[in-house]
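*Asks:* One file is attached below, start-v2.cif, containing mmCIF, C-alpha atoms.
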data_input
loop_
_atom_site.group_PDB
_atom_site.id
_atom_site.type_symbol
_atom_site.label_atom_id
_atom_site.label_comp_id
_atom_site.auth_asym_id
_atom_site.auth_seq_id
_atom_site.Cartn_x
_atom_site.Cartn_y
_atom_site.Cartn_z
ATOM 1 C CA MET A 1 0.000 0.000 0.000
ATOM 2 C CA THR A 2 1.418 3.402 -0.970
ATOM 3 C CA MET A 3 1.718 6.290 1.485
ATOM 4 C CA PHE A 4 -1.078 8.047 -0.411
ATOM 5 C CA SER A 5 -3.440 5.076 -0.144
ATOM 6 C CA LYS A 6 -2.583 4.660 3.566
ATOM 7 C CA LYS A 7 -3.542 8.278 4.185
ATOM 8 C CA ASN A 8 -6.799 7.762 2.311
ATOM 9 C CA ALA A 9 -7.528 4.646 4.358
ATOM 10 C CA VAL A 10 -6.892 6.529 7.602
ATOM 11 C CA ARG A 11 -9.114 9.382 6.451
ATOM 12 C CA ALA A 12 -11.859 6.922 5.476
ATOM 13 C CA ALA A 13 -11.614 5.188 8.849
ATOM 14 C CA LEU A 14 -11.754 8.472 10.744
ATOM 15 C CA SER A 15 -14.678 9.592 8.610
ATOM 16 C CA PHE A 16 -16.526 6.344 9.346
ATOM 17 C CA ILE A 17 -15.853 6.615 13.104
ATOM 18 C CA THR A 18 -17.049 10.219 13.104
ATOM 19 C CA THR A 19 -20.200 9.303 11.179
ATOM 20 C CA VAL A 20 -21.027 6.398 13.504
ATOM 21 C CA THR A 21 -20.383 8.568 16.565
ATOM 22 C CA LEU A 22 -22.706 11.258 15.242
ATOM 23 C CA LEU A 23 -25.388 8.696 14.412
ATOM 24 C CA LEU A 24 -25.170 7.107 17.862
ATOM 25 C CA SER A 25 -25.221 10.536 19.461
ATOM 26 C CA ALA A 26 -28.281 11.505 17.418
ATOM 27 C CA GLN A 27 -30.044 8.249 18.355
ATOM 28 C CA SER A 28 -29.242 8.843 22.034
ATOM 29 C CA THR A 29 -30.609 12.386 21.816
ATOM 30 C CA ILE A 30 -33.764 11.179 20.095
ATOM 31 C CA ALA A 31 -34.296 8.486 22.744
ATOM 32 C CA ALA A 32 -33.743 11.030 25.520
ATOM 33 C CA ASP A 33 -36.246 13.396 23.892
ATOM 34 C CA GLU A 34 -38.846 10.646 23.665
ATOM 35 C CA ILE A 35 -38.294 9.569 27.266
ATOM 36 C CA VAL A 36 -38.921 13.150 28.374
ATOM 37 C CA LEU A 37 -42.000 13.304 26.115
ATOM 38 C CA ALA A 38 -43.264 10.048 27.634
ATOM 39 C CA GLN A 39 -42.753 11.439 31.129
ATOM 40 C CA THR A 40 -44.415 14.795 30.475
ATOM 41 C CA SER A 41 -47.296 13.132 28.594
ATOM 42 C CA GLY A 42 -48.056 10.894 31.569
ATOM 43 C CA CYS A 43 -47.077 7.576 29.914
ATOM 44 C CA LEU A 44 -44.587 6.620 32.614
ATOM 45 C CA ALA A 45 -47.223 6.886 35.329
ATOM 46 C CA CYS A 46 -48.665 3.603 34.016
ATOM 47 C CA HIS A 47 -45.921 1.966 31.924
ATOM 48 C CA ARG A 48 -42.249 1.015 31.889
ATOM 49 C CA GLY A 49 -40.110 -0.842 29.397
ATOM 50 C CA LEU A 50 -40.033 -4.232 31.141
ATOM 51 C CA GLU A 51 -41.662 -3.660 34.517
ATOM 52 C CA GLN A 52 -45.400 -4.273 34.744
ATOM 53 C CA ARG A 53 -47.277 -1.423 36.350
ATOM 54 C CA ILE A 54 -50.999 -0.722 36.038
ATOM 55 C CA GLY A 55 -50.518 -0.839 32.268
ATOM 56 C CA PRO A 56 -48.607 -3.397 30.172
ATOM 57 C CA PRO A 57 -44.830 -3.061 29.680
ATOM 58 C CA PHE A 58 -43.833 -1.318 26.459
ATOM 59 C CA LYS A 59 -41.875 -4.420 25.391
ATOM 60 C CA LYS A 60 -45.086 -6.495 25.465
ATOM 61 C CA VAL A 61 -46.883 -3.845 23.402
ATOM 62 C CA ALA A 62 -43.995 -3.900 20.912
ATOM 63 C CA GLU A 63 -44.205 -7.697 20.689
ATOM 64 C CA LYS A 64 -47.967 -7.645 20.138
ATOM 65 C CA TYR A 65 -47.731 -5.201 17.249
ATOM 66 C CA ALA A 66 -44.446 -6.456 15.755
ATOM 67 C CA GLY A 67 -44.544 -6.099 11.976
ATOM 68 C CA GLN A 68 -47.789 -4.076 12.107
ATOM 69 C CA LYS A 69 -46.596 -0.516 11.507
ATOM 70 C CA ASP A 70 -48.900 0.040 8.537
ATOM 71 C CA ALA A 71 -50.890 3.275 8.356
ATOM 72 C CA GLN A 72 -54.169 1.664 9.476
ATOM 73 C CA THR A 73 -52.656 0.087 12.617
ATOM 74 C CA MET A 74 -50.734 3.237 13.511
ATOM 75 C CA SER A 75 -53.906 5.318 13.099
ATOM 76 C CA LEU A 76 -55.771 2.933 15.437
ATOM 77 C CA LEU A 77 -52.998 3.085 18.034
ATOM 78 C CA VAL A 78 -52.793 6.886 17.860
ATOM 79 C CA ASP A 79 -56.545 6.968 18.519
ATOM 80 C CA HIS A 80 -56.065 4.642 21.520
ATOM 81 C CA VAL A 81 -53.343 6.873 22.965
ATOM 82 C CA ILE A 82 -55.400 10.057 22.639
ATOM 83 C CA ASN A 83 -58.944 8.799 23.262
ATOM 84 C CA GLY A 84 -58.301 5.659 25.331
ATOM 85 C CA THR A 85 -58.868 2.029 24.427
ATOM 86 C CA GLY A 86 -62.315 1.391 25.866
ATOM 87 C CA PRO A 87 -63.162 -2.367 25.884
ATOM 88 C CA ASP A 88 -60.286 -3.008 23.428
ATOM 89 C CA GLY A 89 -57.857 -2.682 26.329
ATOM 90 C CA VAL A 90 -59.423 -5.354 28.549
ATOM 91 C CA GLY A 91 -57.280 -8.098 27.012
ATOM 92 C CA TRP A 92 -54.130 -6.830 28.695
ATOM 93 C CA MET A 93 -55.729 -7.272 32.126
ATOM 94 C CA LYS A 94 -57.090 -10.722 31.202
ATOM 95 C CA ASP A 95 -53.573 -11.754 30.210
ATOM 96 C CA GLY A 96 -52.251 -10.611 33.593
ATOM 97 C CA LEU A 97 -50.223 -7.780 32.056
ATOM 98 C CA ALA A 98 -52.213 -4.858 33.471
ATOM 99 C CA THR A 99 -54.323 -4.041 36.511
ATOM 100 C CA LEU A 100 -56.216 -1.214 34.810
ATOM 101 C CA PRO A 101 -59.005 -2.611 32.598
ATOM 102 C CA PHE A 102 -58.545 -0.003 29.864
ATOM 103 C CA MET A 103 -56.253 2.820 28.857
ATOM 104 C CA PRO A 104 -57.791 6.179 29.820
ATOM 105 C CA PRO A 105 -57.911 9.136 27.390
ATOM 106 C CA ASN A 106 -54.870 11.405 27.132
ATOM 107 C CA SER A 107 -56.314 14.550 25.590
ATOM 108 C CA ASN A 108 -53.105 16.451 26.366
ATOM 109 C CA VAL A 109 -51.219 14.404 23.736
ATOM 110 C CA THR A 110 -51.278 15.691 20.141
ATOM 111 C CA PRO A 111 -51.510 13.296 17.147
ATOM 112 C CA LYS A 112 -47.938 14.244 16.188
ATOM 113 C CA ASP A 113 -46.616 13.414 19.649
ATOM 114 C CA ALA A 114 -48.699 10.229 19.811
ATOM 115 C CA ASN A 115 -47.081 9.060 16.553
ATOM 116 C CA LYS A 116 -43.628 9.852 17.906
ATOM 117 C CA LEU A 117 -44.302 8.033 21.166
ATOM 118 C CA LEU A 118 -45.750 4.989 19.421
ATOM 119 C CA ARG A 119 -42.793 4.524 17.077
ATOM 120 C CA TRP A 120 -40.544 4.657 20.124
ATOM 121 C CA VAL A 121 -42.726 2.253 22.147
ATOM 122 C CA LEU A 122 -42.932 -0.227 19.264
ATOM 123 C CA ALA A 123 -39.137 -0.266 19.093
ATOM 124 C CA THR A 124 -38.729 -0.956 22.829
ATOM 125 C CA THR A 125 -36.749 -4.106 23.626
ATOM 126 C CA GLY A 126 -35.687 -3.470 27.206
ATOM 127 C CA GLU A 127 -36.017 -1.164 30.188
ATOM 128 C CA ILE A 128 -36.238 2.551 29.478
ATOM 129 C CA ALA A 129 -35.217 5.830 31.024
ATOM 130 C CA ASN A 130 -32.408 5.919 33.464
ATOM 131 C CA PRO A 131 -34.102 8.120 36.072
ATOM 132 C CA THR A 132 -30.756 9.111 37.574
ATOM 133 C CA GLU A 133 -30.391 11.723 34.840
ATOM 134 C CA PHE A 134 -33.406 13.578 36.257
ATOM 135 C CA VAL A 135 -32.518 13.412 39.960
ATOM 136 C CA THR A 136 -32.244 16.817 41.629
ATOM 137 C CA GLU A 137 -30.424 17.481 44.884
ATOM 138 C CA SER A 138 -31.891 20.940 45.544
ATOM 139 C CA VAL A 139 -34.785 23.203 44.621
ATOM 140 C CA ALA A 140 -34.377 26.876 43.668
ATOM 141 C CA ILE A 141 -36.930 29.494 44.764
ATOM 142 C CA SER A 142 -36.882 32.411 42.342
ATOM 143 C CA GLY A 143 -38.885 35.145 40.648
ATOM 144 C CA ALA A 144 -40.910 37.726 42.560
ATOM 145 C CA VAL A 145 -39.379 36.994 45.961
ATOM 146 C CA GLU A 146 -37.248 39.174 48.219
ATOM 147 C CA HIS A 147 -34.919 36.328 49.158
ATOM 148 C CA PRO A 148 -34.139 33.815 46.389
ATOM 149 C CA LEU A 149 -33.295 30.452 47.922
ATOM 150 C CA LYS A 150 -31.571 27.234 46.967
ATOM 151 C CA LEU A 151 -32.701 24.497 49.319
ATOM 152 C CA SER A 152 -31.208 21.035 49.750
ATOM 153 C CA VAL A 153 -32.918 18.211 51.645
ATOM 154 C CA ASP A 154 -30.921 19.196 54.746
ATOM 155 C CA ASP A 155 -32.176 22.783 54.375
ATOM 156 C CA LEU A 156 -35.764 21.584 54.044
ATOM 157 C CA ARG A 157 -35.439 19.581 57.262
ATOM 158 C CA LYS A 158 -34.967 22.855 59.137
ATOM 159 C CA PHE A 159 -38.517 23.993 58.297
ATOM 160 C CA PRO A 160 -41.533 22.968 60.396
ATOM 161 C CA PRO A 161 -42.163 19.359 59.290
ATOM 162 C CA LYS A 162 -45.312 18.311 57.488
ATOM 163 C CA LYS A 163 -46.326 14.639 57.542
ATOM 164 C CA VAL A 164 -49.028 13.034 55.419
ATOM 165 C CA GLY A 165 -50.317 9.488 55.886
ATOM 166 C CA GLU A 166 -51.834 8.403 52.582
ATOM 167 C CA VAL A 167 -52.402 10.266 49.336
ATOM 168 C CA PRO A 168 -54.573 8.486 46.731
ATOM 169 C CA MET A 169 -53.055 9.151 43.309
ATOM 170 C CA VAL A 170 -55.649 9.813 40.630
ATOM 171 C CA CYS A 171 -54.591 10.578 37.082
ATOM 172 C CA GLN A 172 -55.995 13.443 34.995
ATOM 173 C CA SER A 173 -58.354 10.981 33.294
ATOM 174 C CA GLY A 174 -59.702 9.762 36.654
ATOM 175 C CA ALA A 175 -57.788 6.470 36.595
ATOM 176 C CA ASN A 176 -56.508 5.145 39.929
ATOM 177 C CA LEU A 177 -52.690 5.227 40.071
ATOM 178 C CA GLY A 178 -52.330 3.771 43.557
ATOM 179 C CA GLN A 179 -51.199 5.942 46.450
ATOM 180 C CA LEU A 180 -48.282 7.686 48.104
ATOM 181 C CA GLU A 181 -47.803 6.716 51.742
ATOM 182 C CA HIS A 182 -46.151 8.258 54.792
ATOM 183 C CA LEU A 183 -44.748 11.426 53.254
ATOM 184 C CA LYS A 184 -42.506 13.796 55.173
ATOM 185 C CA GLY A 185 -41.694 17.249 53.917
ATOM 186 C CA VAL A 186 -42.500 20.943 54.157
ATOM 187 C CA LEU A 187 -45.511 23.045 53.230
ATOM 188 C CA LEU A 188 -44.928 25.090 50.092
ATOM 189 C CA ARG A 189 -46.451 27.998 51.996
ATOM 190 C CA ASP A 190 -43.700 27.860 54.645
ATOM 191 C CA ILE A 191 -41.000 27.933 51.971
ATOM 192 C CA LEU A 192 -42.556 30.945 50.264
ATOM 193 C CA GLU A 193 -42.983 32.745 53.574
ATOM 194 C CA LYS A 194 -39.240 32.456 54.105
ATOM 195 C CA ALA A 195 -38.511 33.684 50.570
ATOM 196 C CA VAL A 196 -41.089 36.531 51.043
ATOM 197 C CA VAL A 197 -43.305 37.100 48.017
ATOM 198 C CA VAL A 198 -42.823 40.621 46.609
ATOM 199 C CA SER A 199 -45.962 42.721 46.967
ATOM 200 C CA HIS A 200 -45.776 46.435 46.254
ATOM 201 C CA ASN A 201 -49.453 47.001 46.948
ATOM 202 C CA HIS A 202 -52.334 45.202 48.592
ATOM 203 C CA ASN A 203 -53.634 43.532 45.431
ATOM 204 C CA ASP A 204 -50.352 42.304 43.948
ATOM 205 C CA VAL A 205 -50.447 38.902 45.624
ATOM 206 C CA LYS A 206 -53.812 38.150 44.020
ATOM 207 C CA LYS A 207 -52.094 38.325 40.630
ATOM 208 C CA MET A 208 -49.283 35.907 41.474
ATOM 209 C CA ALA A 209 -48.768 32.444 39.988
ATOM 210 C CA ILE A 210 -46.430 29.895 41.550
ATOM 211 C CA ILE A 211 -44.833 27.626 38.960
ATOM 212 C CA ALA A 212 -43.184 24.365 40.023
ATOM 213 C CA THR A 213 -40.798 22.863 37.471
ATOM 214 C CA ALA A 214 -39.222 19.409 37.290
ATOM 215 C CA SER A 215 -35.842 18.622 35.744
ATOM 216 C CA ASP A 216 -37.599 16.799 32.878
ATOM 217 C CA GLY A 217 -39.523 19.953 31.950
ATOM 218 C CA TYR A 218 -42.836 19.053 33.600
ATOM 219 C CA LYS A 219 -44.560 22.100 35.119
ATOM 220 C CA VAL A 220 -47.560 22.763 37.339
ATOM 221 C CA VAL A 221 -49.116 26.013 38.491
ATOM 222 C CA PHE A 222 -50.668 27.225 41.744
ATOM 223 C CA SER A 223 -52.233 30.569 42.507
ATOM 224 C CA TRP A 224 -51.223 32.640 45.531
ATOM 225 C CA THR A 225 -54.811 32.325 46.760
ATOM 226 C CA GLU A 226 -54.679 28.513 46.685
ATOM 227 C CA VAL A 227 -51.473 28.387 48.693
ATOM 228 C CA PHE A 228 -52.070 31.208 51.190
ATOM 229 C CA ASN A 229 -55.814 31.808 51.362
ATOM 230 C CA SER A 230 -57.596 28.465 51.088
ATOM 231 C CA PRO A 231 -57.558 25.026 52.725
ATOM 232 C CA MET A 232 -55.733 23.820 49.604
ATOM 233 C CA GLY A 233 -52.538 25.392 50.939
ATOM 234 C CA ASP A 234 -52.514 23.003 53.902
ATOM 235 C CA GLY A 235 -51.986 20.129 51.458
ATOM 236 C CA VAL A 236 -49.333 21.425 49.051
ATOM 237 C CA ILE A 237 -46.213 19.672 50.282
ATOM 238 C CA VAL A 238 -42.616 19.619 49.088
ATOM 239 C CA PHE A 239 -41.491 16.202 50.330
ATOM 240 C CA PHE A 240 -38.198 14.361 50.655
ATOM 241 C CA GLU A 241 -39.168 11.144 52.463
ATOM 242 C CA LYS A 242 -41.652 8.393 51.671
ATOM 243 C CA ASP A 243 -42.300 5.376 53.895
ATOM 244 C CA GLY A 244 -39.518 6.579 56.192
ATOM 245 C CA LYS A 245 -36.896 6.543 53.450
ATOM 246 C CA ALA A 246 -35.256 9.129 51.206
ATOM 247 C CA LEU A 247 -36.911 9.377 47.790
ATOM 248 C CA GLY A 248 -35.546 7.021 45.149
ATOM 249 C CA ASP A 249 -34.196 7.950 41.741
ATOM 250 C CA ASP A 250 -37.622 7.421 40.152
ATOM 251 C CA GLU A 251 -38.972 10.401 42.088
ATOM 252 C CA GLY A 252 -35.836 12.422 42.788
ATOM 253 C CA ARG A 253 -34.530 13.576 46.137
ATOM 254 C CA ILE A 254 -37.214 16.289 46.271
ATOM 255 C CA ALA A 255 -40.786 16.102 44.960
ATOM 256 C CA MET A 256 -44.094 17.909 45.358
ATOM 257 C CA VAL A 257 -47.747 16.948 45.507
ATOM 258 C CA SER A 258 -51.005 18.788 46.079
ATOM 259 C CA THR A 259 -52.715 16.334 48.423
ATOM 260 C CA LYS A 260 -56.102 18.056 48.498
ATOM 261 C CA ASP A 261 -56.674 18.032 44.738
ATOM 262 C CA THR A 262 -59.525 15.814 43.546
ATOM 263 C CA ARG A 263 -57.189 14.399 40.893
ATOM 264 C CA THR A 264 -53.796 14.388 42.535
ATOM 265 C CA GLY A 265 -51.739 13.040 39.649
ATOM 266 C CA PRO A 266 -51.438 16.207 37.536
ATOM 267 C CA ARG A 267 -49.856 18.210 40.373
ATOM 268 C CA HIS A 268 -47.502 15.480 41.537
ATOM 269 C CA VAL A 269 -44.076 16.793 40.509
ATOM 270 C CA LYS A 270 -41.200 14.325 40.535
ATOM 271 C CA TRP A 271 -37.601 15.569 40.297
ATOM 272 C CA LEU A 272 -38.586 19.015 41.593
ATOM 273 C CA GLN A 273 -36.028 21.557 40.429
ATOM 274 C CA GLY A 274 -37.491 25.030 40.778
ATOM 275 C CA ILE A 275 -40.339 27.089 42.217
ATOM 276 C CA GLU A 276 -40.875 30.452 40.554
ATOM 277 C CA VAL A 277 -43.225 33.189 41.746
ATOM 278 C CA ARG A 278 -44.481 35.245 38.833
ATOM 279 C CA LYS A 279 -46.888 38.178 38.560
ATOM 280 C CA ILE A 280 -49.072 37.246 35.594
ATOM 281 C CA VAL A 281 -51.178 40.409 35.160
ATOM 282 C CA ASP A 282 -50.667 44.088 35.993
#
Will you turn the file into structure tokens for me?

*Replies:*
Amino acid sequence: MTMFSKKNAVRAALSFITTVTLLLSAQSTIAADEIVLAQTSGCLACHRGLEQRIGPPFKKVAEKYAGQKDAQTMSLLVDHVINGTGPDGVGWMKDGLATLPFMPPNSNVTPKDANKLLRWVLATTGEIANPTEFVTESVAISGAVEHPLKLSVDDLRKFPPKKVGEVPMVCQSGANLGQLEHLKGVLLRDILEKAVVVSHNHNDVKKMAIIATASDGYKVVFSWTEVFNSPMGDGVIVFFEKDGKALGDDEGRIAMVSTKDTRTGPRHVKWLQGIEVRKIVD
């Protein structure tokens, strides 16, 4: 082999390695994006890759529909994701692969996102989502407050403790998601009282929204009135222990739940990262 051909071979090899690296990187990014989409869309409240929860594992769904990615099947599955399965979903429970008799509607999911999620689910061969990438060790209090804070679990332990026995978890659709038990944490109200919400006149606080954000991008909103001027505020808890133990990676070191909501699932924030106070109208 001549020196020229050796150089060409090296260049070709480097080019190939670079191309493969970029492709693998792109695939990893796509998978990460879809995991986040699955989390924020509520899919991971009922499903995992291999683990059976109240819905069937994604791998079993992929096996059932293997080789059936034609337009008609995909259209049917998109409809199931958005509008629920109805009686068509009972088979999963009969087969011992689900405890929920049917998949509830997910009206928050668009057809485009449903297609994206389904193509990912139908390609699932193992467990999904390493939750460690979402774990947060502290929560930042920011926005319209006099004293911005960054609170670790140890910092939260210094607040007056709030303990909750059982919290039934009900999804946005009304489906039963089980329950959280023996929570220990802090009232959101106590945290905000320490940060001191900025109020230049008497009516400012009535125009404040409190936005809780998770590291995966999930967000929920409370009004100042809910937290400070209604019984609801007695049940909004930032918690760091469950069943006497620190929270696991699947929930993060710090989480939040509004225990007095009728449907508690939508305002259950895993991997809590930030709480922002924002004036939404003048």

*Asks:* Need to verify the contact set: segment 38-55 of chain A, 8 Å, all atoms listed in the file, exclusion of same-chain residues closer than 6 positions in sequence. Can you return it as a PDB file with C-alpha atoms, in the coordinates of the input?

*Replies:*
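out_10.pdb, freshly written:
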ATOM      1  CA  TRP A  92     -54.130  -6.830  28.695  1.00  0.00           C
ATOM      2  CA  LEU A  97     -50.223  -7.780  32.056  1.00  0.00           C
ATOM      3  CA  ALA A  98     -52.213  -4.858  33.471  1.00  0.00           C
ATOM      4  CA  THR A  99     -54.323  -4.041  36.511  1.00  0.00           C
ATOM      5  CA  LEU A 100     -56.216  -1.214  34.810  1.00  0.00           C
ATOM      6  CA  MET A 103     -56.253   2.820  28.857  1.00  0.00           C
ATOM      7  CA  ASN A 106     -54.870  11.405  27.132  1.00  0.00           C
ATOM      8  CA  ASN A 108     -53.105  16.451  26.366  1.00  0.00           C
ATOM      9  CA  VAL A 109     -51.219  14.404  23.736  1.00  0.00           C
ATOM     10  CA  LEU A 117     -44.302   8.033  21.166  1.00  0.00           C
ATOM     11  CA  THR A 124     -38.729  -0.956  22.829  1.00  0.00           C
ATOM     12  CA  THR A 125     -36.749  -4.106  23.626  1.00  0.00           C
ATOM     13  CA  GLY A 126     -35.687  -3.470  27.206  1.00  0.00           C
ATOM     14  CA  GLU A 127     -36.017  -1.164  30.188  1.00  0.00           C
ATOM     15  CA  ILE A 128     -36.238   2.551  29.478  1.00  0.00           C
ATOM     16  CA  LEU A 177     -52.690   5.227  40.071  1.00  0.00           C
ATOM     17  CA  ASP A 216     -37.599  16.799  32.878  1.00  0.00           C
ATOM     18  CA  GLY A 217     -39.523  19.953  31.950  1.00  0.00           C
ATOM     19  CA  TYR A 218     -42.836  19.053  33.600  1.00  0.00           C
TER      20      TYR A 218
END

*Asks:* Translate the PyMOL selection byres ((chain A and resi 222-238) around 6), as applied to the file shown, into an explicit residue set as a list of chain:residue names.

*Replies:*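 For this structure, the PyMOL selection byres ((chain A and resi 222-238) around 6) captures A:Gly185, A:Val186, A:Leu187, A:Leu188, A:Met208, A:Ala209, A:Ile210, A:Val221, A:Phe239, A:Ala255, A:Met256, A:Val257, A:Ser258, A:Thr259, A:Lys260.
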
*Asks:* Could you write those residues out with C-alpha atoms, as a PDB file, in the frame of the given file?

*Replies:*
ATOM      1  CA  GLY A 185     -41.694  17.249  53.917  1.00  0.00           C
ATOM      2  CA  VAL A 186     -42.500  20.943  54.157  1.00  0.00           C
ATOM      3  CA  LEU A 187     -45.511  23.045  53.230  1.00  0.00           C
ATOM      4  CA  LEU A 188     -44.928  25.090  50.092  1.00  0.00           C
ATOM      5  CA  MET A 208     -49.283  35.907  41.474  1.00  0.00           C
ATOM      6  CA  ALA A 209     -48.768  32.444  39.988  1.00  0.00           C
ATOM      7  CA  ILE A 210     -46.430  29.895  41.550  1.00  0.00           C
ATOM      8  CA  VAL A 221     -49.116  26.013  38.491  1.00  0.00           C
ATOM      9  CA  PHE A 239     -41.491  16.202  50.330  1.00  0.00           C
ATOM     10  CA  ALA A 255     -40.786  16.102  44.960  1.00  0.00           C
ATOM     11  CA  MET A 256     -44.094  17.909  45.358  1.00  0.00           C
ATOM     12  CA  VAL A 257     -47.747  16.948  45.507  1.00  0.00           C
ATOM     13  CA  SER A 258     -51.005  18.788  46.079  1.00  0.00           C
ATOM     14  CA  THR A 259     -52.715  16.334  48.423  1.00  0.00           C
ATOM     15  CA  LYS A 260     -56.102  18.056  48.498  1.00  0.00           C
TER      16      LYS A 260
END

*Asks:* With only C-alpha atoms as the basis for distance, which of A:Leu272, A:Ile211, A:Ala140, A:Val121 is at the shortest distance from Glu251 of chain A?

*Replies:* A:Leu272

*Asks:* Any idea what's packed within 6 Å of Thr213 of chain A, counting only C-alpha atoms, ignoring anything in its chain fewer than 4 positions away? Could you give it as a list in words?

*Replies:*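 With the cut-off at 6 Å, the set is Tyr218, Lys219, Gln273 and Gly274 of chain A.
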
*Asks:* Which residues, written as a ChimeraX atom specification, have at least one atom at most 12 Å from segment 242-248 of chain A, with only C-alpha atoms counted and residues fewer than 2 positions away on the same chain left out?

*Replies:* /A:131-132,134-137,153-154,163-167,179-185,238-240,250-256,270-272

*Asks:* Taking only C-alpha atoms into account, name the residue in A:Arg267, A:Arg119, A:Arg157, A:Lys194 that is nearest to Val61 of chain A.

*Replies:*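 The closest residue to Val61 of chain A is A:Arg119.
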
*Asks:* Identify all residues satisfying the PyMOL selection byres ((chain A and resi 77-82) around 7) in the given file; provide them as a ChimeraX atom specification.

*Replies:* /A:73-76,83-85,105-107,109,111,114-115

*Asks:* From the options A:Val205, A:Leu118, A:Ala212, A:Val196, which residue's atoms come nearest to Pro148 of chain A, counting all atoms listed in the file?

*Replies:* A:Val196

*Asks:* Report, in Å with one decimal, the straight-line distance from atom CA of Ser215 of chain A to atom CA of Ser138 of chain A.

*Replies:*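 These two atoms are separated by 10.8 Å.
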
*Asks:* Could you work out how far atom CA of Gly174 of chain A lies from atom CA of Gln72 of chain A, giving the answer in Å with one decimal?

*Replies:* 28.9 Å

*Asks:* Between A:Asp190, A:Tyr65, A:Gly178, A:Trp120, which one has atoms that come closest to Pro161 of chain A, using all atoms listed in the file?

*Replies:* A:Asp190

*Asks:* Just give me the gap between atom CA of Leu192 of chain A and atom CA of Ser152 of chain A in Å, one decimal is fine.

*Replies:*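 Distance between the two atoms: 15.1 Å.
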
*Asks:* Which is closer to Met93 of chain A than all the others in A:Lys116, A:Val36, A:Gly67, A:Pro56, using all atoms listed in the file?

*Replies:*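 Of A:Lys116, A:Val36, A:Gly67, A:Pro56, the one nearest Met93 of chain A, counting all atoms listed in the file, is A:Pro56.
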